[in-house]
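Next comes structure38.cif, with mmCIF, C-alpha atoms and all ligand atoms; chains and numbers go by the auth columns.
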data_input
loop_
_atom_site.group_PDB
_atom_site.id
_atom_site.type_symbol
_atom_site.label_atom_id
_atom_site.label_comp_id
_atom_site.label_asym_id
_atom_site.label_seq_id
_atom_site.Cartn_x
_atom_site.Cartn_y
_atom_site.Cartn_z
_atom_site.B_iso_or_equiv
_atom_site.auth_seq_id
_atom_site.auth_asym_id
ATOM 1 C CA MET A 1 -11.790 21.758 -4.325 0.00 1 A
ATOM 2 C CA ILE A 2 -8.022 21.684 -3.961 0.00 2 A
ATOM 3 C CA THR A 3 -6.301 24.954 -3.071 0.00 3 A
ATOM 4 C CA LYS A 4 -3.210 26.343 -4.758 0.00 4 A
ATOM 5 C CA THR A 5 -1.314 25.835 -1.495 0.00 5 A
ATOM 6 C CA MET A 6 -2.188 22.141 -1.495 0.00 6 A
ATOM 7 C CA GLN A 7 -1.288 21.780 -5.182 0.00 7 A
ATOM 8 C CA ASN A 8 2.104 23.368 -4.534 0.00 8 A
ATOM 9 C CA ALA A 9 2.668 21.094 -1.558 0.00 9 A
ATOM 10 C CA ILE A 10 1.845 17.983 -3.592 0.00 10 A
ATOM 11 C CA ASN A 11 4.133 19.099 -6.424 0.00 11 A
ATOM 12 C CA LYS A 12 6.865 19.526 -3.829 0.00 12 A
ATOM 13 C CA GLN A 13 6.151 16.006 -2.567 0.00 13 A
ATOM 14 C CA ILE A 14 6.344 14.620 -6.131 0.00 14 A
ATOM 15 C CA ASN A 15 9.807 16.152 -6.335 0.00 15 A
ATOM 16 C CA ALA A 16 10.735 14.621 -2.968 0.00 16 A
ATOM 17 C CA GLU A 17 9.595 11.170 -4.131 0.00 17 A
ATOM 18 C CA LEU A 18 11.667 11.489 -7.311 0.00 18 A
ATOM 19 C CA TRP A 19 14.635 12.672 -5.247 0.00 19 A
ATOM 20 C CA SER A 20 14.165 9.567 -3.054 0.00 20 A
ATOM 21 C CA ALA A 21 14.144 7.438 -6.204 0.00 21 A
ATOM 22 C CA TYR A 22 17.404 9.025 -7.313 0.00 22 A
ATOM 23 C CA LEU A 23 18.966 8.517 -3.865 0.00 23 A
ATOM 24 C CA TYR A 24 18.129 4.801 -3.933 0.00 24 A
ATOM 25 C CA LEU A 25 19.379 4.450 -7.502 0.00 25 A
ATOM 26 C CA ALA A 26 22.682 5.944 -6.305 0.00 26 A
ATOM 27 C CA MET A 27 22.776 3.403 -3.461 0.00 27 A
ATOM 28 C CA SER A 28 22.015 0.611 -5.933 0.00 28 A
ATOM 29 C CA MET A 29 24.894 1.675 -8.172 0.00 29 A
ATOM 30 C CA GLU A 30 27.249 1.985 -5.195 0.00 30 A
ATOM 31 C CA ALA A 31 26.273 -1.488 -3.940 0.00 31 A
ATOM 32 C CA GLU A 32 26.854 -2.842 -7.438 0.00 32 A
ATOM 33 C CA ALA A 33 30.296 -1.192 -7.513 0.00 33 A
ATOM 34 C CA LYS A 34 31.135 -2.839 -4.180 0.00 34 A
ATOM 35 C CA ALA A 35 29.937 -6.266 -5.465 0.00 35 A
ATOM 36 C CA PHE A 36 26.874 -6.509 -3.216 0.00 36 A
ATOM 37 C CA LYS A 37 24.547 -7.638 -5.985 0.00 37 A
ATOM 38 C CA GLY A 38 21.640 -8.455 -3.660 0.00 38 A
ATOM 39 C CA VAL A 39 21.802 -5.082 -1.914 0.00 39 A
ATOM 40 C CA ALA A 40 21.998 -3.461 -5.360 0.00 40 A
ATOM 41 C CA ASN A 41 18.832 -5.311 -6.347 0.00 41 A
ATOM 42 C CA TRP A 42 17.035 -4.249 -3.142 0.00 42 A
ATOM 43 C CA PHE A 43 17.793 -0.583 -3.791 0.00 43 A
ATOM 44 C CA PHE A 44 16.921 -0.912 -7.472 0.00 44 A
ATOM 45 C CA VAL A 45 13.464 -2.134 -6.452 0.00 45 A
ATOM 46 C CA GLN A 46 13.312 0.785 -4.025 0.00 46 A
ATOM 47 C CA TRP A 47 14.098 3.185 -6.896 0.00 47 A
ATOM 48 C CA LEU A 48 11.146 1.742 -8.819 0.00 48 A
ATOM 49 C CA GLU A 49 8.890 2.002 -5.747 0.00 49 A
ATOM 50 C CA GLU A 50 9.705 5.670 -5.234 0.00 50 A
ATOM 51 C CA GLN A 51 8.817 6.373 -8.849 0.00 51 A
ATOM 52 C CA ASP A 52 5.508 4.608 -8.151 0.00 52 A
ATOM 53 C CA HIS A 53 4.950 6.964 -5.216 0.00 53 A
ATOM 54 C CA ALA A 54 5.502 9.971 -7.472 0.00 54 A
ATOM 55 C CA ARG A 55 3.157 8.421 -10.038 0.00 55 A
ATOM 56 C CA ILE A 56 0.391 7.969 -7.450 0.00 56 A
ATOM 57 C CA PHE A 57 0.525 11.690 -6.630 0.00 57 A
ATOM 58 C CA GLN A 58 0.701 12.583 -10.336 0.00 58 A
ATOM 59 C CA ASN A 59 -2.355 10.428 -11.098 0.00 59 A
ATOM 60 C CA TYR A 60 -4.220 12.047 -8.231 0.00 60 A
ATOM 61 C CA MET A 61 -3.389 15.571 -9.442 0.00 61 A
ATOM 62 C CA ASN A 62 -4.420 14.664 -12.990 0.00 62 A
ATOM 63 C CA SER A 63 -7.680 13.095 -11.826 0.00 63 A
ATOM 64 C CA ILE A 64 -8.761 16.279 -10.035 0.00 64 A
ATOM 65 C CA GLY A 65 -7.670 18.584 -12.855 0.00 65 A
ATOM 66 C CA ALA A 66 -4.652 20.036 -11.039 0.00 66 A
ATOM 67 C CA LYS A 67 -1.404 20.689 -12.874 0.00 67 A
ATOM 68 C CA VAL A 68 1.668 18.606 -12.122 0.00 68 A
ATOM 69 C CA ILE A 69 4.806 20.738 -12.145 0.00 69 A
ATOM 70 C CA LEU A 70 8.121 18.902 -12.257 0.00 70 A
ATOM 71 C CA HIS A 71 10.874 20.734 -10.414 0.00 71 A
ATOM 72 C CA PRO A 72 14.616 20.044 -10.793 0.00 72 A
ATOM 73 C CA ILE A 73 15.972 17.122 -8.803 0.00 73 A
ATOM 74 C CA ASP A 74 18.819 18.005 -6.438 0.00 74 A
ATOM 75 C CA LYS A 75 22.045 16.022 -6.463 0.00 75 A
ATOM 76 C CA VAL A 76 22.393 13.023 -4.164 0.00 76 A
ATOM 77 C CA GLU A 77 25.305 11.477 -2.319 0.00 77 A
ATOM 78 C CA THR A 78 27.032 8.705 -4.253 0.00 78 A
ATOM 79 C CA GLU A 79 29.316 7.014 -1.735 0.00 79 A
ATOM 80 C CA TRP A 80 28.689 4.900 1.344 0.00 80 A
ATOM 81 C CA ASP A 81 31.143 2.733 3.266 0.00 81 A
ATOM 82 C CA SER A 82 28.919 -0.324 3.619 0.00 82 A
ATOM 83 C CA PRO A 83 25.360 -1.655 3.198 0.00 83 A
ATOM 84 C CA LEU A 84 24.810 -0.906 6.901 0.00 84 A
ATOM 85 C CA GLU A 85 25.576 2.783 6.278 0.00 85 A
ATOM 86 C CA MET A 86 23.157 2.760 3.332 0.00 86 A
ATOM 87 C CA PHE A 87 20.332 1.331 5.416 0.00 87 A
ATOM 88 C CA LYS A 88 21.038 3.771 8.249 0.00 88 A
ATOM 89 C CA GLU A 89 20.712 6.634 5.789 0.00 89 A
ATOM 90 C CA THR A 90 17.591 5.010 4.321 0.00 90 A
ATOM 91 C CA LEU A 91 15.918 4.998 7.746 0.00 91 A
ATOM 92 C CA LYS A 92 16.918 8.602 8.406 0.00 92 A
ATOM 93 C CA HIS A 93 15.576 9.644 5.011 0.00 93 A
ATOM 94 C CA GLU A 94 12.324 7.703 5.383 0.00 94 A
ATOM 95 C CA LYS A 95 11.730 9.379 8.770 0.00 95 A
ATOM 96 C CA ASP A 96 12.060 12.726 6.964 0.00 96 A
ATOM 97 C CA VAL A 97 9.580 11.557 4.319 0.00 97 A
ATOM 98 C CA THR A 98 7.159 10.509 7.065 0.00 98 A
ATOM 99 C CA GLU A 99 7.360 14.059 8.434 0.00 99 A
ATOM 100 C CA MET A 100 6.621 15.439 4.957 0.00 100 A
ATOM 101 C CA ILE A 101 3.582 13.170 4.562 0.00 101 A
ATOM 102 C CA ASN A 102 2.391 14.169 8.036 0.00 102 A
ATOM 103 C CA GLY A 103 2.758 17.800 6.995 0.00 103 A
ATOM 104 C CA LEU A 104 0.527 17.168 3.981 0.00 104 A
ATOM 105 C CA VAL A 105 -2.018 15.465 6.225 0.00 105 A
ATOM 106 C CA HIS A 106 -2.067 18.495 8.568 0.00 106 A
ATOM 107 C CA LEU A 107 -2.526 20.823 5.607 0.00 107 A
ATOM 108 C CA ALA A 108 -5.341 18.733 4.097 0.00 108 A
ATOM 109 C CA MET A 109 -7.085 18.627 7.488 0.00 109 A
ATOM 110 C CA SER A 110 -6.741 22.361 8.047 0.00 110 A
ATOM 111 C CA GLU A 111 -8.173 23.022 4.586 0.00 111 A
ATOM 112 C CA GLY A 112 -11.006 20.491 4.932 0.00 112 A
ATOM 113 C CA ASP A 113 -9.657 18.792 1.784 0.00 113 A
ATOM 114 C CA TYR A 114 -11.117 15.323 2.364 0.00 114 A
ATOM 115 C CA ALA A 115 -10.271 13.921 -1.093 0.00 115 A
ATOM 116 C CA THR A 116 -6.560 14.653 -0.598 0.00 116 A
ATOM 117 C CA LEU A 117 -6.775 13.386 2.962 0.00 117 A
ATOM 118 C CA SER A 118 -8.188 10.114 1.670 0.00 118 A
ATOM 119 C CA ARG A 119 -5.414 9.779 -0.941 0.00 119 A
ATOM 120 C CA LEU A 120 -2.784 10.496 1.714 0.00 120 A
ATOM 121 C CA GLN A 121 -3.948 7.640 3.936 0.00 121 A
ATOM 122 C CA TRP A 122 -2.144 5.117 1.699 0.00 122 A
ATOM 123 C CA PHE A 123 1.092 7.074 2.147 0.00 123 A
ATOM 124 C CA VAL A 124 0.687 7.209 5.929 0.00 124 A
ATOM 125 C CA ASP A 125 0.491 3.397 6.001 0.00 125 A
ATOM 126 C CA GLU A 126 3.283 3.025 3.448 0.00 126 A
ATOM 127 C CA GLN A 127 5.668 5.095 5.593 0.00 127 A
ATOM 128 C CA VAL A 128 5.178 2.730 8.536 0.00 128 A
ATOM 129 C CA GLU A 129 6.302 -0.092 6.242 0.00 129 A
ATOM 130 C CA GLU A 130 9.201 1.898 4.753 0.00 130 A
ATOM 131 C CA GLU A 131 10.634 2.685 8.190 0.00 131 A
ATOM 132 C CA GLU A 132 10.112 -0.879 9.424 0.00 132 A
ATOM 133 C CA ASN A 133 11.939 -2.363 6.404 0.00 133 A
ATOM 134 C CA ALA A 134 14.945 -0.087 6.902 0.00 134 A
ATOM 135 C CA ARG A 135 14.999 -0.734 10.668 0.00 135 A
ATOM 136 C CA ASP A 136 14.899 -4.523 10.127 0.00 136 A
ATOM 137 C CA LEU A 137 17.783 -4.368 7.651 0.00 137 A
ATOM 138 C CA ILE A 138 19.867 -2.220 10.013 0.00 138 A
ATOM 139 C CA ASP A 139 19.315 -4.915 12.664 0.00 139 A
ATOM 140 C CA ASP A 140 20.232 -7.698 10.216 0.00 140 A
ATOM 141 C CA PHE A 141 23.443 -6.054 9.016 0.00 141 A
ATOM 142 C CA SER A 142 24.397 -5.004 12.564 0.00 142 A
ATOM 143 C CA ARG A 143 23.982 -8.589 13.760 0.00 143 A
ATOM 144 C CA ALA A 144 26.033 -9.880 10.804 0.00 144 A
ATOM 145 C CA GLY A 145 28.833 -7.480 11.800 0.00 145 A
ATOM 146 C CA LYS A 146 32.026 -8.515 10.047 0.00 146 A
ATOM 147 C CA ASP A 147 30.927 -12.149 9.568 0.00 147 A
ATOM 148 C CA PHE A 148 31.434 -12.429 5.828 0.00 148 A
ATOM 149 C CA ALA A 149 29.344 -15.596 5.439 0.00 149 A
ATOM 150 C CA ALA A 150 26.418 -13.930 7.227 0.00 150 A
ATOM 151 C CA ILE A 151 26.748 -10.826 5.024 0.00 151 A
ATOM 152 C CA LEU A 152 26.784 -12.979 1.869 0.00 152 A
ATOM 153 C CA GLU A 153 23.674 -14.793 3.060 0.00 153 A
ATOM 154 C CA LEU A 154 21.906 -11.478 3.654 0.00 154 A
ATOM 155 C CA ASP A 155 23.013 -10.213 0.249 0.00 155 A
ATOM 156 C CA ALA A 156 21.574 -13.334 -1.388 0.00 156 A
ATOM 157 C CA ARG A 157 18.263 -12.786 0.439 0.00 157 A
ATOM 158 C CA LEU A 158 18.023 -9.169 -0.723 0.00 158 A
ATOM 159 C CA GLY A 159 18.707 -10.347 -4.262 0.00 159 A
ATOM 160 C CA LYS A 160 15.316 -12.052 -4.241 0.00 160 A
ATOM 161 C CA ARG A 161 13.310 -8.862 -3.715 0.00 161 A
ATOM 162 C CA GLU A 162 10.935 -8.210 -6.604 0.00 162 A
ATOM 163 C CA HIS A 163 9.070 -5.100 -7.594 0.00 163 A
ATOM 164 C CA SER A 164 5.284 -5.257 -7.499 0.00 164 A
ATOM 165 C CA LYS A 165 2.837 -2.521 -8.367 0.00 165 A
ATOM 166 C CA PRO A 166 1.390 -0.776 -5.318 0.00 166 A
ATOM 167 C CA GLU A 167 -2.356 -1.053 -4.787 0.00 167 A
ATOM 168 C CA PRO A 168 -3.221 2.511 -6.032 0.00 168 A
ATOM 169 C CA LEU A 169 -1.577 1.802 -9.422 0.00 169 A
ATOM 170 C CA LYS A 170 -3.335 -1.544 -10.045 0.00 170 A
HETATM 171 FE FE1 LIG B . 8.174 7.360 -1.018 0.00 1 B
HETATM 172 FE FE2 LIG B . 10.252 5.756 0.594 0.00 1 B
HETATM 173 O O1 LIG B . 8.795 6.891 0.596 0.00 1 B
#
Write out the structure in this file as structure tokens.
Amino acid sequence: MITKTMQNAINKQINAELWSAYLYLAMSMEAEAKAFKGVANWFFVQWLEEQDHARIFQNYMNSIGAKVILHPIDKVETEWDSPLEMFKETLKHEKDVTEMINGLVHLAMSEGDYATLSRLQWFVDEQVEEEENARDLIDDFSRAGKDFAAILELDARLGKREHSKPEPLK
């Protein structure tokens, strides 16, 4: 049985996932405006992924008969100097999200809410991947520095990223 406290916390997390989606959409649009089409594609896929994360929590709430409440989405930044700055902010943000997921895990454990704990395990693993991806891209863009050919090559690589449904939505 899920408590009201846990329901509120999950609704807050749904909002955070949708805010993340909006942040990455803003980065995608900014990359597009700066003619980094591959980076724009990478962040567009990220915007879709964050909506998937919200959907996973929504499906879980619906499946246990809890009510999803959609809160307003706060404004996001819309300007970054370079792809490197975007990926640095991505890593910082994903570390914050990891803390939020850990907070949910602590709450579920303290409440003996094993169903929610089980659902959260996917997110714990996903956050490891999210941080690793951002860290790798910071390394790649740092190494490229001001070498325009290297940046173009990286941009082309990021243009190949495709969205695929996460396991809990299959
Ligand atoms: Fe939903 Fe990027 O964590």
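Between CA of Ala26 in chain A and CA of Glu126 in chain A lies a distance of 21.9 Å.
CA of Leu48 in chain A sits 20.0 Å away from CA of Arg135 in chain A.
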Residue contacts of range 136-148 of chain A (12 Å, all atoms listed in the file) excluding same-chain residues fewer than 6 positions away, as a VMD selection string:
chain A and resid 36 39 42 82 to 92 129 to 130 154 to 155 157 to 158
Could you take the residues named above and write them with C-alpha atoms, as a PDB file, keeping the file's coordinate frame?
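Listed below is the output, result05.pdb:
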ATOM      1  CA  PHE A  36      26.874  -6.509  -3.216  1.00  0.00           C
ATOM      2  CA  VAL A  39      21.802  -5.082  -1.914  1.00  0.00           C
ATOM      3  CA  TRP A  42      17.035  -4.249  -3.142  1.00  0.00           C
ATOM      4  CA  SER A  82      28.919  -0.324   3.619  1.00  0.00           C
ATOM      5  CA  PRO A  83      25.360  -1.655   3.198  1.00  0.00           C
ATOM      6  CA  LEU A  84      24.810  -0.906   6.901  1.00  0.00           C
ATOM      7  CA  GLU A  85      25.576   2.783   6.278  1.00  0.00           C
ATOM      8  CA  MET A  86      23.157   2.760   3.332  1.00  0.00           C
ATOM      9  CA  PHE A  87      20.332   1.331   5.416  1.00  0.00           C
ATOM     10  CA  LYS A  88      21.038   3.771   8.249  1.00  0.00           C
ATOM     11  CA  GLU A  89      20.712   6.634   5.789  1.00  0.00           C
ATOM     12  CA  THR A  90      17.591   5.010   4.321  1.00  0.00           C
ATOM     13  CA  LEU A  91      15.918   4.998   7.746  1.00  0.00           C
ATOM     14  CA  LYS A  92      16.918   8.602   8.406  1.00  0.00           C
ATOM     15  CA  GLU A 129       6.302  -0.092   6.242  1.00  0.00           C
ATOM     16  CA  GLU A 130       9.201   1.898   4.753  1.00  0.00           C
ATOM     17  CA  LEU A 154      21.906 -11.478   3.654  1.00  0.00           C
ATOM     18  CA  ASP A 155      23.013 -10.213   0.249  1.00  0.00           C
ATOM     19  CA  ARG A 157      18.263 -12.786   0.439  1.00  0.00           C
ATOM     20  CA  LEU A 158      18.023  -9.169  -0.723  1.00  0.00           C
TER      21      LEU A 158
END
For the PyMOL selection byres (((not hetatm)) within 7 of (chain B and resi 1)), applied here, can you spell out every residue it catches as a ChimeraX atom specification?
/A:17,20,50,53,94,97,127,130
Within 12 Å of Ala156 in chain A, counting all atoms listed in the file, which residues show up once you throw out same-chain ones fewer than 5 positions away? Write them as a short mmCIF file (atom, residue, chain, number, x, y, z; two decimals) with C-alpha atoms, keeping the file's coordinate frame, please.
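Heads up, here's the output in part-v1.cif:
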data_model
loop_
_atom_site.label_atom_id
_atom_site.label_comp_id
_atom_site.auth_asym_id
_atom_site.auth_seq_id
_atom_site.Cartn_x
_atom_site.Cartn_y
_atom_site.Cartn_z
CA ALA A 35 29.94 -6.27 -5.46
CA PHE A 36 26.87 -6.51 -3.22
CA LYS A 37 24.55 -7.64 -5.98
CA GLY A 38 21.64 -8.46 -3.66
CA VAL A 39 21.80 -5.08 -1.91
CA ALA A 40 22.00 -3.46 -5.36
CA ASN A 41 18.83 -5.31 -6.35
CA TRP A 42 17.04 -4.25 -3.14
CA ALA A 149 29.34 -15.60 5.44
CA ALA A 150 26.42 -13.93 7.23
CA ILE A 151 26.75 -10.83 5.02
CA ARG A 161 13.31 -8.86 -3.72
#
Contacts of Asn8 in chain A at 10 Å or less, counting all atoms listed in the file, minus same-chain residues fewer than 3 places along, as an MDAnalysis selection string?
chainID A and resid 3:5 11:14 66:69
Once the PyMOL selection byres (((chain A and resi 116-121) around 9) and not hetatm) has been evaluated on this model, what residues remain selected, and can you format them as a count of residues only?
22
So what do you get for CA of Arg55 in chain A versus CA of Ile73 in chain A, distance-wise?
15.5 Å
